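Undergrad: Take a look at coords25.txt, compact mmCIF, C-alpha atoms and all ligand atoms:
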```
# COMPACT_ATOMS: atom_id res chain seq x y z
CA MET F 1 0.00 0.00 0.00
CA ASN F 2 1.33 3.45 -0.92
CA LEU F 3 0.22 5.88 1.80
CA ARG F 4 0.96 8.82 -0.48
CA ASP F 5 -2.22 7.84 -2.35
CA TYR F 6 -4.14 8.64 0.84
CA ILE F 7 -2.71 12.12 1.37
CA ARG F 8 -4.47 14.90 -0.51
CA ASP F 9 -2.66 18.13 -1.47
CA ILE F 10 -4.79 21.22 -0.92
CA GLN F 11 -3.40 24.38 -2.53
CA ASP F 12 -3.39 27.70 -0.64
CA TYR F 13 -4.70 26.36 2.67
CA PRO F 14 -4.78 27.78 5.30
CA LYS F 15 -2.96 30.69 3.59
CA GLU F 16 -1.98 31.54 0.03
CA GLY F 17 1.27 29.82 -0.93
CA ILE F 18 0.87 26.90 1.49
CA VAL F 19 0.26 23.40 0.14
CA PHE F 20 -1.66 21.59 2.87
CA PHE F 21 -1.13 17.84 3.17
CA ASP F 22 -4.54 16.52 4.17
CA ILE F 23 -4.26 13.13 5.91
CA THR F 24 -8.02 12.62 6.36
CA PRO F 25 -8.19 10.11 3.43
CA ILE F 26 -5.91 7.83 5.51
CA LEU F 27 -8.38 8.04 8.38
CA SER F 28 -11.47 7.33 6.34
CA ASP F 29 -9.96 4.17 4.85
CA PRO F 30 -9.79 1.44 7.52
CA ASP F 31 -7.00 -0.47 5.75
CA ALA F 32 -4.86 2.65 5.25
CA PHE F 33 -5.40 3.74 8.86
CA ARG F 34 -4.57 0.31 10.28
CA HIS F 35 -1.55 0.03 7.97
CA THR F 36 -0.25 3.42 9.16
CA VAL F 37 -0.51 2.54 12.85
CA ASP F 38 0.90 -0.96 12.24
CA CYS F 39 3.92 0.45 10.36
CA LEU F 40 4.70 2.87 13.18
CA ALA F 41 4.35 0.04 15.71
CA GLU F 42 6.75 -2.11 13.67
CA LYS F 43 9.33 0.70 13.52
CA PHE F 44 9.31 1.11 17.29
CA LYS F 45 8.64 -2.43 18.51
CA ASP F 46 12.10 -2.74 20.09
CA SER F 47 12.30 0.83 21.39
CA GLY F 48 11.52 -0.05 24.98
CA ALA F 49 9.27 3.00 25.17
CA THR F 50 6.68 3.14 27.92
CA LYS F 51 5.01 6.41 26.84
CA ILE F 52 3.96 8.08 23.62
CA VAL F 53 3.87 11.85 23.56
CA ALA F 54 1.78 13.49 20.84
CA ALA F 55 0.39 16.97 20.18
CA GLU F 56 -3.18 17.91 19.53
CA ALA F 57 -4.99 17.48 17.32
CA ARG F 58 -3.60 15.35 14.52
CA GLY F 59 -0.85 13.83 16.65
CA PHE F 60 -3.54 12.31 18.88
CA ILE F 61 -5.10 10.54 15.90
CA PHE F 62 -1.99 8.41 15.35
CA GLY F 63 -0.39 8.55 18.78
CA ALA F 64 -3.33 7.16 20.75
CA PRO F 65 -3.97 4.01 18.66
CA LEU F 66 -0.22 3.41 18.50
CA ALA F 67 -0.01 3.53 22.31
CA TYR F 68 -2.96 1.12 22.48
CA LYS F 69 -1.33 -1.26 20.01
CA MET F 70 2.05 -1.12 21.75
CA GLY F 71 0.46 -1.51 25.17
CA ILE F 72 2.07 1.66 26.54
CA GLY F 73 0.87 4.99 27.96
CA PHE F 74 -0.22 8.07 26.06
CA VAL F 75 0.62 11.65 27.04
CA PRO F 76 -1.39 14.44 25.40
CA VAL F 77 0.43 17.67 24.55
CA ARG F 78 -2.14 20.42 24.27
CA LYS F 79 -2.68 24.10 23.58
CA PRO F 80 -2.59 26.39 26.65
CA GLY F 81 -5.54 26.26 29.02
CA LYS F 82 -6.64 22.72 28.12
CA LEU F 83 -4.82 20.55 30.65
CA PRO F 84 -6.24 20.76 34.16
CA HIS F 85 -3.21 19.82 36.30
CA LYS F 86 0.11 21.77 36.58
CA ASN F 87 1.54 22.49 33.12
CA ARG F 88 4.95 23.05 31.60
CA CYS F 89 4.70 24.99 28.28
CA VAL F 90 6.90 25.91 25.29
CA SER F 91 6.34 28.34 22.39
CA TYR F 92 7.52 27.57 18.85
CA ASP F 93 7.23 28.70 15.19
CA LEU F 94 4.99 26.97 12.63
CA GLU F 95 4.88 27.08 8.81
CA TYR F 96 1.88 29.38 9.10
CA GLY F 97 2.17 31.08 12.50
CA THR F 98 3.42 30.54 16.05
CA ASP F 99 2.01 28.38 18.80
CA THR F 100 2.42 27.24 22.39
CA LEU F 101 2.13 23.66 23.60
CA CYS F 102 1.81 22.35 27.14
CA MET F 103 2.15 19.01 28.93
CA HIS F 104 1.25 17.98 32.44
CA GLU F 105 4.28 18.41 34.69
CA ASP F 106 4.03 14.88 36.07
CA ALA F 107 3.21 13.11 32.78
CA ILE F 108 6.71 11.71 32.28
CA ALA F 109 8.82 10.13 35.00
CA GLU F 110 12.55 10.88 35.27
CA GLY F 111 14.38 8.58 32.85
CA GLU F 112 11.19 7.21 31.30
CA LYS F 113 11.58 6.05 27.68
CA VAL F 114 9.41 8.14 25.36
CA LEU F 115 8.33 8.09 21.71
CA VAL F 116 7.30 11.38 20.11
CA ILE F 117 4.67 10.89 17.39
CA ASP F 118 3.01 13.25 14.90
CA ASP F 119 1.25 13.02 11.57
CA LEU F 120 3.48 15.46 9.75
CA LEU F 121 6.85 17.20 10.10
CA ALA F 122 6.97 20.63 8.43
CA THR F 123 9.24 23.28 10.02
CA GLY F 124 9.95 20.95 12.92
CA GLY F 125 8.70 23.56 15.40
CA THR F 126 6.06 21.30 16.94
CA ALA F 127 8.45 18.36 17.17
CA GLU F 128 11.15 20.56 18.69
CA GLY F 129 8.60 21.84 21.21
CA MET F 130 7.63 18.29 22.18
CA LEU F 131 11.30 17.24 22.46
CA LYS F 132 11.89 20.20 24.76
CA LEU F 133 8.89 19.38 26.93
CA VAL F 134 9.97 15.75 27.29
CA THR F 135 13.63 16.62 27.91
CA GLU F 136 12.71 19.22 30.55
CA ALA F 137 10.59 16.57 32.26
CA GLY F 138 13.64 14.26 32.41
CA GLY F 139 12.31 11.81 29.80
CA ASP F 140 14.60 9.73 27.58
CA ILE F 141 13.53 10.19 23.93
CA VAL F 142 14.03 6.80 22.26
CA GLY F 143 12.36 7.65 18.94
CA CYS F 144 10.30 10.09 16.94
CA GLY F 145 7.88 8.92 14.26
CA PHE F 146 5.97 10.83 11.60
CA VAL F 147 3.67 9.68 8.85
CA VAL F 148 5.03 12.23 6.40
CA GLN F 149 7.60 15.01 6.18
CA LEU F 150 7.76 18.10 3.98
CA GLY F 151 11.29 17.81 2.61
CA PHE F 152 11.36 21.41 1.38
CA LEU F 153 11.07 22.78 4.95
CA ASP F 154 13.50 22.64 7.90
CA GLY F 155 11.90 19.75 9.80
CA PRO F 156 14.20 16.95 8.63
CA LYS F 157 17.26 19.09 9.49
CA VAL F 158 15.78 19.94 12.89
CA MET F 159 15.30 16.23 13.59
CA LYS F 160 18.79 15.34 12.32
CA ASP F 161 20.37 18.09 14.41
CA SER F 162 18.40 16.94 17.48
CA GLY F 163 20.39 13.69 17.35
CA HIS F 164 17.30 11.63 18.14
CA ASN F 165 16.38 8.44 16.31
CA HIS F 166 13.54 9.35 13.93
CA CYS F 167 11.64 7.93 11.00
CA PHE F 168 9.01 8.85 8.42
CA LEU F 169 6.60 6.39 6.84
CA LEU F 170 6.77 8.55 3.70
CA GLU F 171 9.99 10.38 2.72
C1 LIG G 201 0.32 20.37 12.26
C2 LIG G 201 0.76 18.92 12.28
C3 LIG G 201 2.00 18.96 13.11
C4 LIG G 201 2.57 20.33 12.84
C5 LIG G 201 3.74 20.23 11.93
O1 LIG G 201 -0.41 20.66 13.40
O2 LIG G 201 -0.23 18.07 12.81
O3 LIG G 201 1.73 18.84 14.50
O4 LIG G 201 1.53 21.10 12.21
O5 LIG G 201 4.26 21.48 11.63
P1 LIG G 201 5.68 21.98 12.11
O6 LIG G 201 6.67 20.89 11.81
O7 LIG G 201 5.92 23.22 11.28
O8 LIG G 201 5.59 22.30 13.56
P2 LIG G 201 -1.18 22.04 13.60
O9 LIG G 201 -0.36 22.93 14.47
O10 LIG G 201 -1.58 22.60 12.27
O11 LIG G 201 -2.43 21.65 14.46
P3 LIG G 201 -3.56 20.52 14.32
O12 LIG G 201 -2.89 19.19 14.56
O13 LIG G 201 -4.47 20.88 15.43
O14 LIG G 201 -4.17 20.61 12.94
N1 LIG G 202 1.33 21.42 9.32
C1 LIG G 202 2.27 22.34 9.04
N2 LIG G 202 2.40 22.53 7.73
C2 LIG G 202 1.49 21.69 7.14
C3 LIG G 202 1.14 21.41 5.81
N3 LIG G 202 1.74 22.03 4.79
N4 LIG G 202 0.18 20.49 5.58
C4 LIG G 202 -0.42 19.85 6.60
N5 LIG G 202 -0.13 20.08 7.88
C5 LIG G 202 0.81 20.99 8.15
```
For this file, write the structure as structure tokens.
TA:
Amino acid sequence: MNLRDYIRDIQDYPKEGIVFFDITPILSDPDAFRHTVDCLAEKFKDSGATKIVAAEARGFIFGAPLAYKMGIGFVPVRKPGKLPHKNRCVSYDLEYGTDTLCMHEDAIAEGEKVLVIDDLLATGGTAEGMLKLVTEAGGDIVGCGFVVQLGFLDGPKVMKDSGHNHCFLLE
């Protein structure tokens, strides 16, 4: 199965000049969705991770079923004001704006092995923010997985420079 067939390019969304990679066709096809989660699980089966960290909203879509399949915990990273317990937060740049993400302070134990998961890597800002949140919490990042990356943006370089093990289902 070629997952690229299930990603739709939308021109000039959400702003002129942006090509938006719409992953909803993956979600609406049960085989493509299962295949995506299964491939991520295969990549990380020997990671030893006990938690998956993923950012709202699209990161949840892949991160939560992956955690279920791997039999490990899931940690939601959310926009400010959404998590009820004590938060740690980071701000970062996006392809089409800036944003802040937060995680519960006690979500990751010191030394805990963590996978960072998202649907798409563009500038790498979101991933960098999640890496920072996990690192500040004392987590050990054992892998980062993305369904797709936008090779013409900085994300792949950000991941390479981070020194963390990472993979993309689609290059
Ligand atoms: C998208 C996507 C990634 C991020 C990638 O999320 O799901 O999390 O952008 O871009 P980056 O590499 O430049 O940070 P978005 O912030 O649009 O929010 P959403 O998941 O709620 O749609
Ligand atoms: N997140 C950041 N940039 C994106 C893009 N071009 N398509 C889909 N999601 C994105």
Undergrad: Would you pick out the contacts of Asn87 (chain F) at 7 Å or less, using only C-alpha atoms, so that residues sharing its chain but fewer than 6 positions from it are not included, and give the list as a list of chain:residue names?
TA: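 These residues fall inside the cut-off: F:Cys102, F:Met103, F:His104, F:Glu105.
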Undergrad: Looking at F:Tyr92, F:Phe21, F:Tyr13, F:Tyr68, which one is nearest to ligand LIG 202 (chain G), with distances taken over all atoms listed in the file?
TA: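 So, comparing all the options, the nearest one is F:Phe21.
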Undergrad: Between F:Pro80, F:Gly155, F:Val75, F:Val147, which has the minimum distance to Tyr6 (chain F) (counting all atoms listed in the file)?
TA: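 Result for the nearest residue to Tyr6 (chain F): F:Val147.
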Undergrad: How big is the axis-aligned box around all listed atoms of ligand LIG 202 (chain G) once 5 Å goes on each side, and where's its centre, in Å to one decimal, as JSON?
TA:
```
{"center_x": 1.0, "center_y": 21.2, "center_z": 7.1, "size_x": 12.8, "size_y": 12.7, "size_z": 14.5}
```
Undergrad: At a cut-off of 9 Å, using all atoms listed in the file, what residues contact Ile7 (chain F)? Leave out same-chain residues fewer than 3 positions from it and give the result as a PyMOL selection string.
TA: chain F and resi 3-4+21-26
Undergrad: Using all atoms listed in the file, which residue out of F:Leu133, F:Ala54, F:Ile10, F:Leu170 lies closest to ligand LIG 201 (chain G)?
TA: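 Ranked by minimum distance to ligand LIG 201 (chain G), first place goes to F:Ala54.
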Undergrad: Could you give me the residues within 9 Å of ligand LIG 201 (chain G), counting all atoms listed in the file, as a compact mmCIF listing (two decimals) with C-alpha atoms, in the coordinates of the input?
TA:
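Everything below was put into pocket00.txt:
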```txt
# COMPACT_ATOMS: atom_id res chain seq x y z
CA ALA F 54 1.78 13.49 20.84
CA ALA F 55 0.39 16.97 20.18
CA GLU F 56 -3.18 17.91 19.53
CA ALA F 57 -4.99 17.48 17.32
CA ARG F 58 -3.60 15.35 14.52
CA GLY F 59 -0.85 13.83 16.65
CA PHE F 60 -3.54 12.31 18.88
CA LYS F 79 -2.68 24.10 23.58
CA TYR F 92 7.52 27.57 18.85
CA ASP F 93 7.23 28.70 15.19
CA LEU F 94 4.99 26.97 12.63
CA GLU F 95 4.88 27.08 8.81
CA TYR F 96 1.88 29.38 9.10
CA GLY F 97 2.17 31.08 12.50
CA THR F 98 3.42 30.54 16.05
CA ASP F 99 2.01 28.38 18.80
CA ILE F 117 4.67 10.89 17.39
CA ASP F 118 3.01 13.25 14.90
CA ASP F 119 1.25 13.02 11.57
CA LEU F 120 3.48 15.46 9.75
CA LEU F 121 6.85 17.20 10.10
CA ALA F 122 6.97 20.63 8.43
CA THR F 123 9.24 23.28 10.02
CA GLY F 124 9.95 20.95 12.92
CA GLY F 125 8.70 23.56 15.40
CA THR F 126 6.06 21.30 16.94
CA ALA F 127 8.45 18.36 17.17
CA GLU F 128 11.15 20.56 18.69
CA GLY F 129 8.60 21.84 21.21
CA GLN F 149 7.60 15.01 6.18
CA LEU F 150 7.76 18.10 3.98
CA LEU F 153 11.07 22.78 4.95
CA ASP F 154 13.50 22.64 7.90
CA GLY F 155 11.90 19.75 9.80
```
Undergrad: Distance CA of Arg8 (chain F)-CA of Val148 (chain F), one decimal place?
TA: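 The value is 12.0 Å.
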Undergrad: Might you pull out every residue within 12 Å of Phe74 (chain F), with only C-alpha atoms counted and same-chain residues fewer than 3 positions away left off, and present them as a ChimeraX atom specification?
TA: /F:49-55,59-71,77,103-104,107-108,114-117
Undergrad: Please indicate the distance in Å from CA of Ser162 (chain F) to CA of Gly48 (chain F), rounded to one decimal place.
TA: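 The value is 19.8 Å.
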Undergrad: Give me, please, the distance in Å between atom C5 of ligand LIG 202 (chain G) and CA of Cys167 (chain F), quoted to one decimal.
TA: 17.2 Å
Undergrad: Could you check which of F:Gly151, F:Leu40, F:Leu169, F:Gly81 is closest to ligand LIG 202 (chain G), using only C-alpha atoms and all ligand atoms?
TA: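 Smallest separation from ligand LIG 202 (chain G) among the options: F:Gly151.
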Undergrad: Which residue gives the smallest distance to Ile18 (chain F) among F:Phe152, F:Met1, F:Leu131, F:Lys45, with all atoms listed in the file counted?
TA: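 Checking each candidate against Ile18 (chain F), we get F:Phe152 as the closest.
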Undergrad: Which residue is closest to ligand LIG 202 (chain G)? Choose from F:Phe146, F:Ala41, F:Asp140, F:Ser91 and count all atoms listed in the file.
TA: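 Of F:Phe146, F:Ala41, F:Asp140, F:Ser91, the one nearest ligand LIG 202 (chain G), counting all atoms listed in the file, is F:Phe146.
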